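Shown next, in structure tokens, is the structure this report addresses.
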Amino acid sequence: MHSYLRAVGFSEYTDRSELERLFSMIIDQPTEKKSFHLQNGKYFTEISKDFSKDIGITLRGEVDLDGKFYMEHYYPYSKSHYISTKEETSIIKRVDTEAYTGMCDDVRLGVSLIFYLQNVVDYLNEGKGKEKKGMTWPINLSALSISGKILLPLEHNEKLTKSNTADIQYRRQLIAEAKKGNQEAIDSLTIDDIDMYAMISRRAKYEDIYSIVETSFTPFGSESDNYTVIGTIMDMDKSINEITGEEIVGLVINCNDAILQVIINQKDLYGEPAIGRRFKGNIWLQGNIDFSTSNL
């Protein structure tokens, strides 16, 4: 988690004393503060401060009966305003700390989507009592990256695009049926995967792999909420960390039709981003859930 501080513009903050001063600033000058009343009379509290637009650091801990805050852990964040998915979601508490992860199945990505929950206090105040099987919430996904590069786009023609769209929709229907236990759908998907592997293996002998695979979403490393992604850049902007002056690049990418907002330090991005080009990198996936809205 500490390594992702550089993604929000704190690449030079490696000394503990610098971090302590930074944490004191967040406590004294917060952008937002949320609390959940515990049974022992104390408050579980999230204190957040933006250091650029919708980019900052959150401290989590307890406020005692005298009003003193004791930090348990912190994390850098980026807030997204794009609803990425709305699927049945499970919230799971982490063993090591007072943090939670969300998990849902999105057929567009082909894997279980696991993300670090940003708004834990909202969950404790509103969502925990509502959580049950079949509950869905709008989820805004964002990601921090400390290693990324820009790839050129693929050339498309209208006829091929329509054909690929129809194939994708049909595959999603098969996946939905396979999840219900439809054996014909499972067999069809297995055959499609074999054919796809053969096609990629054949083309990879003569073509670059990134000219074959347009977008991808793959688990990366030992952490469940880390992924390697390739996505098409739909929008982008640049901002400055008001404390360090470091430049931060914000990319809105389309990854298998799921919209993600990726934040990366300009120092860690190789290549010149532009709308239509692609981003490839390793990300730490975060999510903000709107617990006030649900659809059973």
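Lettering and numbering for the structure tokens are positional, with chains as A, B, ... in the shown order, residues counted from 1 in each chain, and ligands counted from 1 in the shown order.
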Next on the checklist: When you look at stretch 138-149 of chain A with a cut-off of 7 Å (counting only C-alpha atoms), what residues show up, excluding the ones that are within fewer than 5 positions of it in the same chain? I need them as an MDAnalysis selection string.
Outcome noted: chainID A and resid 4 7 78:86 260:265 268:271 279:290
Got time to write the residues from that selection, N, CA and C atoms, as an mmCIF file, in the first residue's frame?
data_model
loop_
_atom_site.group_PDB
_atom_site.id
_atom_site.type_symbol
_atom_site.label_atom_id
_atom_site.label_comp_id
_atom_site.auth_asym_id
_atom_site.auth_seq_id
_atom_site.Cartn_x
_atom_site.Cartn_y
_atom_site.Cartn_z
ATOM 1 N N TYR A 4 2.093 2.614 -3.371
ATOM 2 C CA TYR A 4 1.155 3.319 -4.247
ATOM 3 C C TYR A 4 1.015 4.791 -3.895
ATOM 4 N N ALA A 7 1.746 6.967 -6.836
ATOM 5 C CA ALA A 7 0.724 7.129 -7.860
ATOM 6 C C ALA A 7 -0.059 8.420 -7.675
ATOM 7 N N SER A 78 -8.170 7.246 -5.404
ATOM 8 C CA SER A 78 -8.678 8.046 -6.511
ATOM 9 C C SER A 78 -10.175 7.788 -6.596
ATOM 10 N N LYS A 79 -10.966 8.838 -6.636
ATOM 11 C CA LYS A 79 -12.423 8.692 -6.702
ATOM 12 C C LYS A 79 -12.877 8.772 -8.161
ATOM 13 N N SER A 80 -13.682 7.812 -8.558
ATOM 14 C CA SER A 80 -14.218 7.786 -9.913
ATOM 15 C C SER A 80 -15.679 8.212 -9.905
ATOM 16 N N HIS A 81 -16.091 8.898 -10.974
ATOM 17 C CA HIS A 81 -17.488 9.306 -11.119
ATOM 18 C C HIS A 81 -18.203 8.473 -12.188
ATOM 19 N N TYR A 82 -17.536 7.398 -12.632
ATOM 20 C CA TYR A 82 -18.132 6.508 -13.632
ATOM 21 C C TYR A 82 -18.637 5.245 -12.948
ATOM 22 N N ILE A 83 -19.896 4.878 -13.193
ATOM 23 C CA ILE A 83 -20.419 3.613 -12.685
ATOM 24 C C ILE A 83 -19.879 2.501 -13.578
ATOM 25 N N SER A 84 -19.026 1.668 -13.025
ATOM 26 C CA SER A 84 -18.345 0.642 -13.813
ATOM 27 C C SER A 84 -19.174 -0.622 -13.958
ATOM 28 N N THR A 85 -19.914 -0.976 -12.905
ATOM 29 C CA THR A 85 -20.688 -2.208 -12.934
ATOM 30 C C THR A 85 -21.788 -2.133 -11.895
ATOM 31 N N LYS A 86 -22.766 -2.985 -12.043
ATOM 32 C CA LYS A 86 -23.845 -3.107 -11.057
ATOM 33 C C LYS A 86 -24.233 -4.570 -10.996
ATOM 34 N N LEU A 260 -12.979 1.945 -16.295
ATOM 35 C CA LEU A 260 -12.126 2.117 -15.122
ATOM 36 C C LEU A 260 -11.408 3.457 -15.216
ATOM 37 N N GLN A 261 -11.194 4.086 -14.078
ATOM 38 C CA GLN A 261 -10.369 5.288 -14.025
ATOM 39 C C GLN A 261 -9.026 4.929 -13.402
ATOM 40 N N VAL A 262 -7.958 5.148 -14.130
ATOM 41 C CA VAL A 262 -6.616 4.776 -13.681
ATOM 42 C C VAL A 262 -5.803 6.041 -13.416
ATOM 43 N N ILE A 263 -5.161 6.090 -12.251
ATOM 44 C CA ILE A 263 -4.300 7.198 -11.868
ATOM 45 C C ILE A 263 -2.858 6.703 -11.814
ATOM 46 N N ILE A 264 -1.957 7.462 -12.449
ATOM 47 C CA ILE A 264 -0.547 7.072 -12.472
ATOM 48 C C ILE A 264 0.318 8.327 -12.459
ATOM 49 N N ASN A 265 1.439 8.245 -11.762
ATOM 50 C CA ASN A 265 2.403 9.340 -11.761
ATOM 51 C C ASN A 265 3.041 9.454 -13.146
ATOM 52 N N ASP A 268 5.997 7.386 -13.969
ATOM 53 C CA ASP A 268 5.867 5.934 -14.130
ATOM 54 C C ASP A 268 5.155 5.530 -15.407
ATOM 55 N N LEU A 269 4.812 6.510 -16.250
ATOM 56 C CA LEU A 269 4.089 6.219 -17.489
ATOM 57 C C LEU A 269 5.036 6.355 -18.673
ATOM 58 N N TYR A 270 5.173 5.273 -19.426
ATOM 59 C CA TYR A 270 6.058 5.268 -20.600
ATOM 60 C C TYR A 270 5.205 5.494 -21.844
ATOM 61 N N GLY A 271 5.490 6.551 -22.568
ATOM 62 C CA GLY A 271 4.747 6.860 -23.777
ATOM 63 C C GLY A 271 3.836 8.065 -23.580
ATOM 64 N N PHE A 279 -3.818 1.775 -22.833
ATOM 65 C CA PHE A 279 -2.971 1.757 -21.636
ATOM 66 C C PHE A 279 -2.753 0.310 -21.232
ATOM 67 N N LYS A 280 -1.513 -0.032 -20.936
ATOM 68 C CA LYS A 280 -1.172 -1.346 -20.388
ATOM 69 C C LYS A 280 -0.400 -1.137 -19.100
ATOM 70 N N GLY A 281 -0.843 -1.783 -18.037
ATOM 71 C CA GLY A 281 -0.122 -1.625 -16.778
ATOM 72 C C GLY A 281 -0.686 -2.501 -15.680
ATOM 73 N N ASN A 282 0.028 -2.512 -14.569
ATOM 74 C CA ASN A 282 -0.418 -3.218 -13.371
ATOM 75 C C ASN A 282 -1.158 -2.223 -12.476
ATOM 76 N N ILE A 283 -2.293 -2.639 -11.933
ATOM 77 C CA ILE A 283 -3.120 -1.719 -11.158
ATOM 78 C C ILE A 283 -3.520 -2.326 -9.814
ATOM 79 N N TRP A 284 -3.795 -1.444 -8.857
ATOM 80 C CA TRP A 284 -4.452 -1.808 -7.598
ATOM 81 C C TRP A 284 -5.879 -1.298 -7.708
ATOM 82 N N LEU A 285 -6.837 -2.217 -7.752
ATOM 83 C CA LEU A 285 -8.225 -1.863 -8.017
ATOM 84 C C LEU A 285 -8.945 -1.469 -6.729
ATOM 85 N N GLN A 286 -9.633 -0.317 -6.771
ATOM 86 C CA GLN A 286 -10.424 0.177 -5.646
ATOM 87 C C GLN A 286 -11.854 0.402 -6.116
ATOM 88 N N GLY A 287 -12.786 0.389 -5.173
ATOM 89 C CA GLY A 287 -14.177 0.593 -5.540
ATOM 90 C C GLY A 287 -14.933 1.378 -4.484
ATOM 91 N N ASN A 288 -15.821 2.259 -4.947
ATOM 92 C CA ASN A 288 -16.718 3.001 -4.060
ATOM 93 C C ASN A 288 -18.135 2.568 -4.388
ATOM 94 N N ILE A 289 -18.853 2.051 -3.402
ATOM 95 C CA ILE A 289 -20.194 1.509 -3.603
ATOM 96 C C ILE A 289 -21.228 2.487 -3.073
ATOM 97 N N ASP A 290 -22.264 2.719 -3.871
ATOM 98 C CA ASP A 290 -23.374 3.572 -3.448
ATOM 99 C C ASP A 290 -24.385 2.692 -2.714
#
Checklist entry - What separation in Å, quoted to one decimal, exists between atom CA of A:Glu247 and atom CA of A:Asn226? => result 23.3 Å
Checklist outcome for this item: re atom CA of A:Gly221 and atom CA of A:Ser112: distance 15.2 Å
Next on the checklist: Could you go through stretch 74-197 of chain A and tell me which residues DSSP, when run on the backbone, assigns to helix (DSSP H, G or I), listing them as a PyMOL selection string?
Outcome noted: chain A and resi 120-127+158-179+183-197
Expected file contents, prior selection, C-alpha atoms, as a PDB file, in the first residue's frame:
ATOM      1  CA  VAL A 120     -16.006   1.374   4.700  1.00  0.00           C
ATOM      2  CA  VAL A 121     -17.874   3.746   7.039  1.00  0.00           C
ATOM      3  CA  ASP A 122     -20.727   4.008   4.526  1.00  0.00           C
ATOM      4  CA  TYR A 123     -20.871   0.213   4.478  1.00  0.00           C
ATOM      5  CA  LEU A 124     -20.973  -0.025   8.271  1.00  0.00           C
ATOM      6  CA  ASN A 125     -23.603   2.723   8.540  1.00  0.00           C
ATOM      7  CA  GLU A 126     -25.836   1.792   5.610  1.00  0.00           C
ATOM      8  CA  GLY A 127     -24.851  -1.333   3.757  1.00  0.00           C
ATOM      9  CA  GLU A 158     -17.142  -1.088 -39.438  1.00  0.00           C
ATOM     10  CA  LYS A 159     -18.074  -4.567 -40.658  1.00  0.00           C
ATOM     11  CA  LEU A 160     -15.543  -6.306 -38.391  1.00  0.00           C
ATOM     12  CA  THR A 161     -16.576  -4.169 -35.417  1.00  0.00           C
ATOM     13  CA  LYS A 162     -20.254  -5.162 -35.788  1.00  0.00           C
ATOM     14  CA  SER A 163     -19.295  -8.824 -36.137  1.00  0.00           C
ATOM     15  CA  ASN A 164     -17.092  -8.717 -33.022  1.00  0.00           C
ATOM     16  CA  THR A 165     -19.847  -6.967 -31.035  1.00  0.00           C
ATOM     17  CA  ALA A 166     -22.353  -9.701 -31.941  1.00  0.00           C
ATOM     18  CA  ASP A 167     -19.827 -12.423 -30.999  1.00  0.00           C
ATOM     19  CA  ILE A 168     -19.154 -10.746 -27.652  1.00  0.00           C
ATOM     20  CA  GLN A 169     -22.869 -10.494 -26.827  1.00  0.00           C
ATOM     21  CA  TYR A 170     -23.375 -14.157 -27.725  1.00  0.00           C
ATOM     22  CA  ARG A 171     -20.409 -15.191 -25.556  1.00  0.00           C
ATOM     23  CA  ARG A 172     -21.794 -13.245 -22.593  1.00  0.00           C
ATOM     24  CA  GLN A 173     -25.102 -15.056 -22.961  1.00  0.00           C
ATOM     25  CA  LEU A 174     -23.260 -18.385 -22.964  1.00  0.00           C
ATOM     26  CA  ILE A 175     -21.319 -17.416 -19.818  1.00  0.00           C
ATOM     27  CA  ALA A 176     -24.558 -16.427 -18.066  1.00  0.00           C
ATOM     28  CA  GLU A 177     -26.107 -19.786 -19.012  1.00  0.00           C
ATOM     29  CA  ALA A 178     -22.966 -21.676 -17.962  1.00  0.00           C
ATOM     30  CA  LYS A 179     -23.140 -20.054 -14.508  1.00  0.00           C
ATOM     31  CA  GLN A 183     -24.020 -28.085 -19.958  1.00  0.00           C
ATOM     32  CA  GLU A 184     -24.483 -27.130 -23.624  1.00  0.00           C
ATOM     33  CA  ALA A 185     -23.276 -23.594 -22.862  1.00  0.00           C
ATOM     34  CA  ILE A 186     -20.270 -24.983 -20.939  1.00  0.00           C
ATOM     35  CA  ASP A 187     -19.343 -27.268 -23.838  1.00  0.00           C
ATOM     36  CA  SER A 188     -19.738 -24.430 -26.355  1.00  0.00           C
ATOM     37  CA  LEU A 189     -17.497 -22.136 -24.299  1.00  0.00           C
ATOM     38  CA  THR A 190     -14.878 -24.878 -23.986  1.00  0.00           C
ATOM     39  CA  ILE A 191     -14.797 -25.356 -27.765  1.00  0.00           C
ATOM     40  CA  ASP A 192     -14.606 -21.583 -28.308  1.00  0.00           C
ATOM     41  CA  ASP A 193     -11.667 -21.339 -25.903  1.00  0.00           C
ATOM     42  CA  ILE A 194      -9.817 -24.138 -27.709  1.00  0.00           C
ATOM     43  CA  ASP A 195     -10.419 -22.448 -31.082  1.00  0.00           C
ATOM     44  CA  MET A 196      -9.323 -19.066 -29.684  1.00  0.00           C
ATOM     45  CA  TYR A 197      -6.113 -20.555 -28.244  1.00  0.00           C
TER      46      TYR A 197
END
Checklist entry - So, counting only C-alpha atoms, which residue among A:Leu19, A:Val229, A:Leu65, A:Ile240 is closest to A:Leu38? => result A:Leu65
Would you mind listing what lies within 12 Å of A:Phe51 as a JSON list (two decimals) with N, CA, C and O atoms, in the first residue's frame, with only C-alpha atoms counted and same-chain residues fewer than 6 positions away left out?
[["chain", "number", "residue", "atom", "x", "y", "z"],
["A", 5, "LEU", "N", 1.74, 5.27, -2.88],
["A", 5, "LEU", "CA", 1.75, 6.71, -2.60],
["A", 5, "LEU", "C", 2.28, 7.49, -3.80],
["A", 5, "LEU", "O", 1.84, 8.61, -4.06],
["A", 7, "ALA", "N", 1.75, 6.97, -6.84],
["A", 7, "ALA", "CA", 0.72, 7.13, -7.86],
["A", 7, "ALA", "C", -0.06, 8.42, -7.68],
["A", 7, "ALA", "O", -0.52, 9.02, -8.65],
["A", 8, "VAL", "N", -0.21, 8.88, -6.42],
["A", 8, "VAL", "CA", -0.97, 10.11, -6.15],
["A", 8, "VAL", "C", -0.04, 11.31, -5.94],
["A", 8, "VAL", "O", -0.46, 12.35, -5.43],
["A", 9, "GLY", "N", 1.25, 11.14, -6.30],
["A", 9, "GLY", "CA", 2.16, 12.28, -6.30],
["A", 9, "GLY", "C", 3.11, 12.38, -5.13],
["A", 9, "GLY", "O", 3.72, 13.44, -4.93],
["A", 10, "PHE", "N", 3.29, 11.31, -4.36],
["A", 10, "PHE", "CA", 4.21, 11.35, -3.22],
["A", 10, "PHE", "C", 5.35, 10.36, -3.42],
["A", 10, "PHE", "O", 5.66, 9.55, -2.55],
["A", 22, "LEU", "N", 2.80, 14.48, 7.11],
["A", 22, "LEU", "CA", 1.70, 14.41, 6.13],
["A", 22, "LEU", "C", 0.41, 13.95, 6.80],
["A", 22, "LEU", "O", -0.66, 14.52, 6.57],
["A", 25, "MET", "N", -1.14, 16.72, 8.82],
["A", 25, "MET", "CA", -1.83, 17.67, 7.96],
["A", 25, "MET", "C", -3.22, 17.17, 7.59],
["A", 25, "MET", "O", -4.20, 17.93, 7.59],
["A", 26, "ILE", "N", -3.32, 15.87, 7.29],
["A", 26, "ILE", "CA", -4.61, 15.29, 6.92],
["A", 26, "ILE", "C", -5.59, 15.36, 8.08],
["A", 26, "ILE", "O", -6.77, 15.69, 7.91],
["A", 29, "GLN", "N", -6.45, 19.20, 8.57],
["A", 29, "GLN", "CA", -7.11, 19.88, 7.46],
["A", 29, "GLN", "C", -7.79, 18.86, 6.53],
["A", 29, "GLN", "O", -7.45, 18.76, 5.34],
["A", 30, "PRO", "N", -8.75, 18.10, 7.03],
["A", 30, "PRO", "CA", -9.38, 17.07, 6.20],
["A", 30, "PRO", "C", -10.32, 17.65, 5.16],
["A", 30, "PRO", "O", -10.93, 18.70, 5.37],
["A", 31, "THR", "N", -10.42, 16.97, 4.03],
["A", 31, "THR", "CA", -11.43, 17.30, 3.03],
["A", 31, "THR", "C", -12.77, 16.67, 3.41],
["A", 31, "THR", "O", -13.83, 17.23, 3.18],
["A", 57, "ILE", "N", -5.39, 10.89, 0.16],
["A", 57, "ILE", "CA", -5.03, 9.84, 1.11],
["A", 57, "ILE", "C", -6.12, 9.78, 2.18],
["A", 57, "ILE", "O", -6.60, 10.82, 2.65],
["A", 58, "THR", "N", -6.48, 8.56, 2.59],
["A", 58, "THR", "CA", -7.44, 8.35, 3.68],
["A", 58, "THR", "C", -6.74, 7.67, 4.84],
["A", 58, "THR", "O", -5.99, 6.71, 4.65],
["A", 76, "PRO", "N", -3.78, 5.47, -0.18],
["A", 76, "PRO", "CA", -4.01, 6.50, -1.20],
["A", 76, "PRO", "C", -5.22, 6.11, -2.04],
["A", 76, "PRO", "O", -5.52, 4.92, -2.21],
["A", 77, "TYR", "N", -5.92, 7.09, -2.57],
["A", 77, "TYR", "CA", -7.14, 6.79, -3.31],
["A", 77, "TYR", "C", -7.30, 7.70, -4.52],
["A", 77, "TYR", "O", -6.70, 8.76, -4.65],
["A", 78, "SER", "N", -8.17, 7.25, -5.40],
["A", 78, "SER", "CA", -8.68, 8.05, -6.51],
["A", 78, "SER", "C", -10.18, 7.79, -6.60],
["A", 78, "SER", "O", -10.61, 6.63, -6.60],
["A", 239, "SER", "N", -3.20, 16.47, -13.66],
["A", 239, "SER", "CA", -3.34, 17.34, -12.50],
["A", 239, "SER", "C", -2.02, 17.39, -11.75],
["A", 239, "SER", "O", -1.10, 16.62, -12.03],
["A", 240, "ILE", "N", -1.96, 18.29, -10.80],
["A", 240, "ILE", "CA", -0.72, 18.50, -10.03],
["A", 240, "ILE", "C", -1.01, 18.27, -8.55],
["A", 240, "ILE", "O", -1.99, 18.78, -8.01],
["A", 241, "ASN", "N", -0.16, 17.50, -7.89],
["A", 241, "ASN", "CA", -0.24, 17.35, -6.44],
["A", 241, "ASN", "C", 0.12, 18.68, -5.80],
["A", 241, "ASN", "O", 1.22, 19.21, -6.02],
["A", 242, "GLU", "N", -0.80, 19.25, -5.02],
["A", 242, "GLU", "CA", -0.62, 20.60, -4.49],
["A", 242, "GLU", "C", 0.50, 20.70, -3.45],
["A", 242, "GLU", "O", 0.98, 21.79, -3.16],
["A", 243, "ILE", "N", 0.93, 19.57, -2.91],
["A", 243, "ILE", "CA", 2.02, 19.58, -1.92],
["A", 243, "ILE", "C", 3.38, 19.37, -2.58],
["A", 243, "ILE", "O", 4.33, 20.11, -2.31],
["A", 244, "THR", "N", 3.48, 18.37, -3.46],
["A", 244, "THR", "CA", 4.79, 18.02, -4.04],
["A", 244, "THR", "C", 5.01, 18.63, -5.42],
["A", 244, "THR", "O", 6.15, 18.68, -5.88],
["A", 245, "GLY", "N", 3.94, 19.04, -6.10],
["A", 245, "GLY", "CA", 4.08, 19.56, -7.45],
["A", 245, "GLY", "C", 4.26, 18.50, -8.51],
["A", 245, "GLY", "O", 4.48, 18.82, -9.68],
["A", 246, "GLU", "N", 4.15, 17.23, -8.14],
["A", 246, "GLU", "CA", 4.33, 16.15, -9.11],
["A", 246, "GLU", "C", 3.09, 16.06, -10.01],
["A", 246, "GLU", "O", 1.96, 16.27, -9.58],
["A", 247, "GLU", "N", 3.34, 15.71, -11.29],
["A", 247, "GLU", "CA", 2.25, 15.61, -12.26],
["A", 247, "GLU", "C", 1.62, 14.23, -12.22],
["A", 247, "GLU", "O", 2.31, 13.21, -12.23],
["A", 248, "ILE", "N", 0.29, 14.20, -12.16],
["A", 248, "ILE", "CA", -0.48, 12.96, -12.09],
["A", 248, "ILE", "C", -1.33, 12.86, -13.35],
["A", 248, "ILE", "O", -2.01, 13.81, -13.74]]
Could you give me, as a compact mmCIF listing (two decimals) with N, CA and C atoms, in the first residue's frame, each residue of stretch 9-108 of chain A that DSSP assigns to strand (DSSP E or B) when run on this structure's backbone?
# COMPACT_ATOMS: atom_id res chain seq x y z
N GLU A 32 -12.70 15.49 4.02
CA GLU A 32 -13.92 14.75 4.40
C GLU A 32 -13.63 13.89 5.62
N LYS A 33 -14.63 13.74 6.47
CA LYS A 33 -14.48 12.94 7.68
C LYS A 33 -15.77 12.16 7.92
N LYS A 34 -15.66 10.84 8.08
CA LYS A 34 -16.83 9.99 8.32
C LYS A 34 -16.58 9.12 9.54
N SER A 35 -17.65 8.84 10.31
CA SER A 35 -17.50 8.05 11.53
C SER A 35 -18.62 7.04 11.68
N PHE A 36 -18.29 5.93 12.35
CA PHE A 36 -19.26 4.90 12.70
C PHE A 36 -19.15 4.65 14.20
N HIS A 37 -20.28 4.75 14.90
CA HIS A 37 -20.28 4.62 16.36
C HIS A 37 -20.15 3.16 16.76
N TYR A 43 -15.42 5.72 18.17
CA TYR A 43 -15.86 5.88 16.79
C TYR A 43 -14.81 5.35 15.83
N PHE A 44 -15.23 4.47 14.91
CA PHE A 44 -14.36 4.08 13.81
C PHE A 44 -14.46 5.19 12.77
N THR A 45 -13.32 5.75 12.37
CA THR A 45 -13.32 7.00 11.60
C THR A 45 -12.44 6.90 10.37
N GLU A 46 -12.92 7.50 9.27
CA GLU A 46 -12.13 7.70 8.06
C GLU A 46 -11.92 9.19 7.87
N ILE A 47 -10.64 9.59 7.76
CA ILE A 47 -10.29 10.99 7.53
C ILE A 47 -9.58 11.08 6.19
N SER A 48 -10.15 11.84 5.25
CA SER A 48 -9.61 11.91 3.89
C SER A 48 -9.23 13.35 3.55
N LYS A 49 -8.18 13.47 2.74
CA LYS A 49 -7.78 14.78 2.23
C LYS A 49 -7.39 14.66 0.77
N ASP A 50 -7.99 15.51 -0.07
CA ASP A 50 -7.63 15.58 -1.48
C ASP A 50 -6.38 16.44 -1.66
N PHE A 51 -5.42 15.92 -2.44
CA PHE A 51 -4.23 16.70 -2.78
C PHE A 51 -4.24 17.12 -4.25
N SER A 52 -5.25 16.66 -4.95
CA SER A 52 -5.58 17.08 -6.30
C SER A 52 -7.05 16.73 -6.46
N ILE A 55 -8.25 13.03 -5.74
CA ILE A 55 -7.07 12.18 -5.52
C ILE A 55 -6.45 12.57 -4.17
N GLY A 56 -6.21 11.59 -3.31
CA GLY A 56 -5.66 11.92 -2.01
C GLY A 56 -5.32 10.71 -1.17
N ILE A 57 -5.39 10.89 0.16
CA ILE A 57 -5.03 9.84 1.11
C ILE A 57 -6.12 9.78 2.18
N THR A 58 -6.48 8.56 2.59
CA THR A 58 -7.44 8.35 3.68
C THR A 58 -6.74 7.67 4.84
N LEU A 59 -6.98 8.19 6.05
CA LEU A 59 -6.51 7.56 7.28
C LEU A 59 -7.69 6.86 7.94
N ARG A 60 -7.47 5.67 8.46
CA ARG A 60 -8.51 4.95 9.18
C ARG A 60 -8.03 4.64 10.59
N GLY A 61 -8.94 4.74 11.53
CA GLY A 61 -8.60 4.44 12.90
C GLY A 61 -9.77 4.69 13.83
N GLU A 62 -9.46 4.81 15.14
CA GLU A 62 -10.50 5.03 16.14
C GLU A 62 -10.34 6.39 16.80
N VAL A 63 -11.47 6.98 17.13
CA VAL A 63 -11.50 8.20 17.95
C VAL A 63 -11.98 7.79 19.33
N PHE A 69 -7.68 10.91 17.90
CA PHE A 69 -7.67 9.94 16.80
C PHE A 69 -6.42 9.08 16.86
N TYR A 70 -6.61 7.76 16.76
CA TYR A 70 -5.50 6.80 16.73
C TYR A 70 -5.55 6.07 15.37
N MET A 71 -4.56 6.34 14.54
CA MET A 71 -4.55 5.77 13.20
C MET A 71 -4.17 4.29 13.23
N GLU A 72 -4.93 3.47 12.48
CA GLU A 72 -4.62 2.06 12.33
C GLU A 72 -3.91 1.80 11.00
N HIS A 73 -4.38 2.42 9.93
CA HIS A 73 -3.72 2.28 8.63
C HIS A 73 -4.19 3.41 7.72
N TYR A 74 -3.57 3.49 6.56
CA TYR A 74 -3.92 4.52 5.58
C TYR A 74 -3.86 3.92 4.18
N TYR A 75 -4.44 4.63 3.23
CA TYR A 75 -4.31 4.19 1.84
C TYR A 75 -4.50 5.39 0.91
N PRO A 76 -3.78 5.47 -0.18
CA PRO A 76 -4.01 6.50 -1.20
C PRO A 76 -5.22 6.11 -2.04
N TYR A 77 -5.92 7.09 -2.57
CA TYR A 77 -7.14 6.79 -3.31
C TYR A 77 -7.30 7.70 -4.52
N SER A 78 -8.17 7.25 -5.40
CA SER A 78 -8.68 8.05 -6.51
C SER A 78 -10.18 7.79 -6.60
N THR A 85 -19.91 -0.98 -12.90
CA THR A 85 -20.69 -2.21 -12.93
C THR A 85 -21.79 -2.13 -11.90
N GLU A 88 -24.37 -8.35 -8.39
CA GLU A 88 -24.49 -8.88 -7.03
C GLU A 88 -23.10 -8.88 -6.38
N THR A 89 -23.00 -8.24 -5.23
CA THR A 89 -21.69 -7.99 -4.61
C THR A 89 -21.63 -8.54 -3.19
N SER A 90 -20.51 -9.18 -2.87
CA SER A 90 -20.24 -9.64 -1.51
C SER A 90 -19.15 -8.75 -0.90
N ILE A 91 -19.33 -8.36 0.36
CA ILE A 91 -18.35 -7.56 1.08
C ILE A 91 -17.68 -8.46 2.12
N ILE A 92 -16.35 -8.50 2.08
CA ILE A 92 -15.60 -9.41 2.95
C ILE A 92 -14.58 -8.62 3.76
N LYS A 93 -14.56 -8.84 5.07
CA LYS A 93 -13.59 -8.15 5.94
C LYS A 93 -12.23 -8.83 5.83
N TYR A 100 -11.95 -3.77 4.07
CA TYR A 100 -12.87 -4.68 3.43
C TYR A 100 -12.60 -4.74 1.94
N THR A 101 -12.94 -5.88 1.36
CA THR A 101 -12.88 -6.02 -0.10
C THR A 101 -14.26 -6.37 -0.62
N GLY A 102 -14.54 -5.93 -1.84
CA GLY A 102 -15.77 -6.29 -2.51
C GLY A 102 -15.49 -7.30 -3.59
N MET A 103 -16.45 -8.18 -3.84
CA MET A 103 -16.25 -9.20 -4.86
C MET A 103 -17.57 -9.40 -5.62
N CYS A 104 -17.48 -9.38 -6.94
CA CYS A 104 -18.66 -9.64 -7.77
C CYS A 104 -18.20 -10.30 -9.06
N ASP A 105 -19.15 -10.93 -9.76
CA ASP A 105 -18.87 -11.57 -11.03
C ASP A 105 -19.43 -10.70 -12.14
Item to check | Atomic distance atom CA of A:Asp257 - atom CA of A:Met236, expressed in Å with one decimal | outcome: 17.1 Å
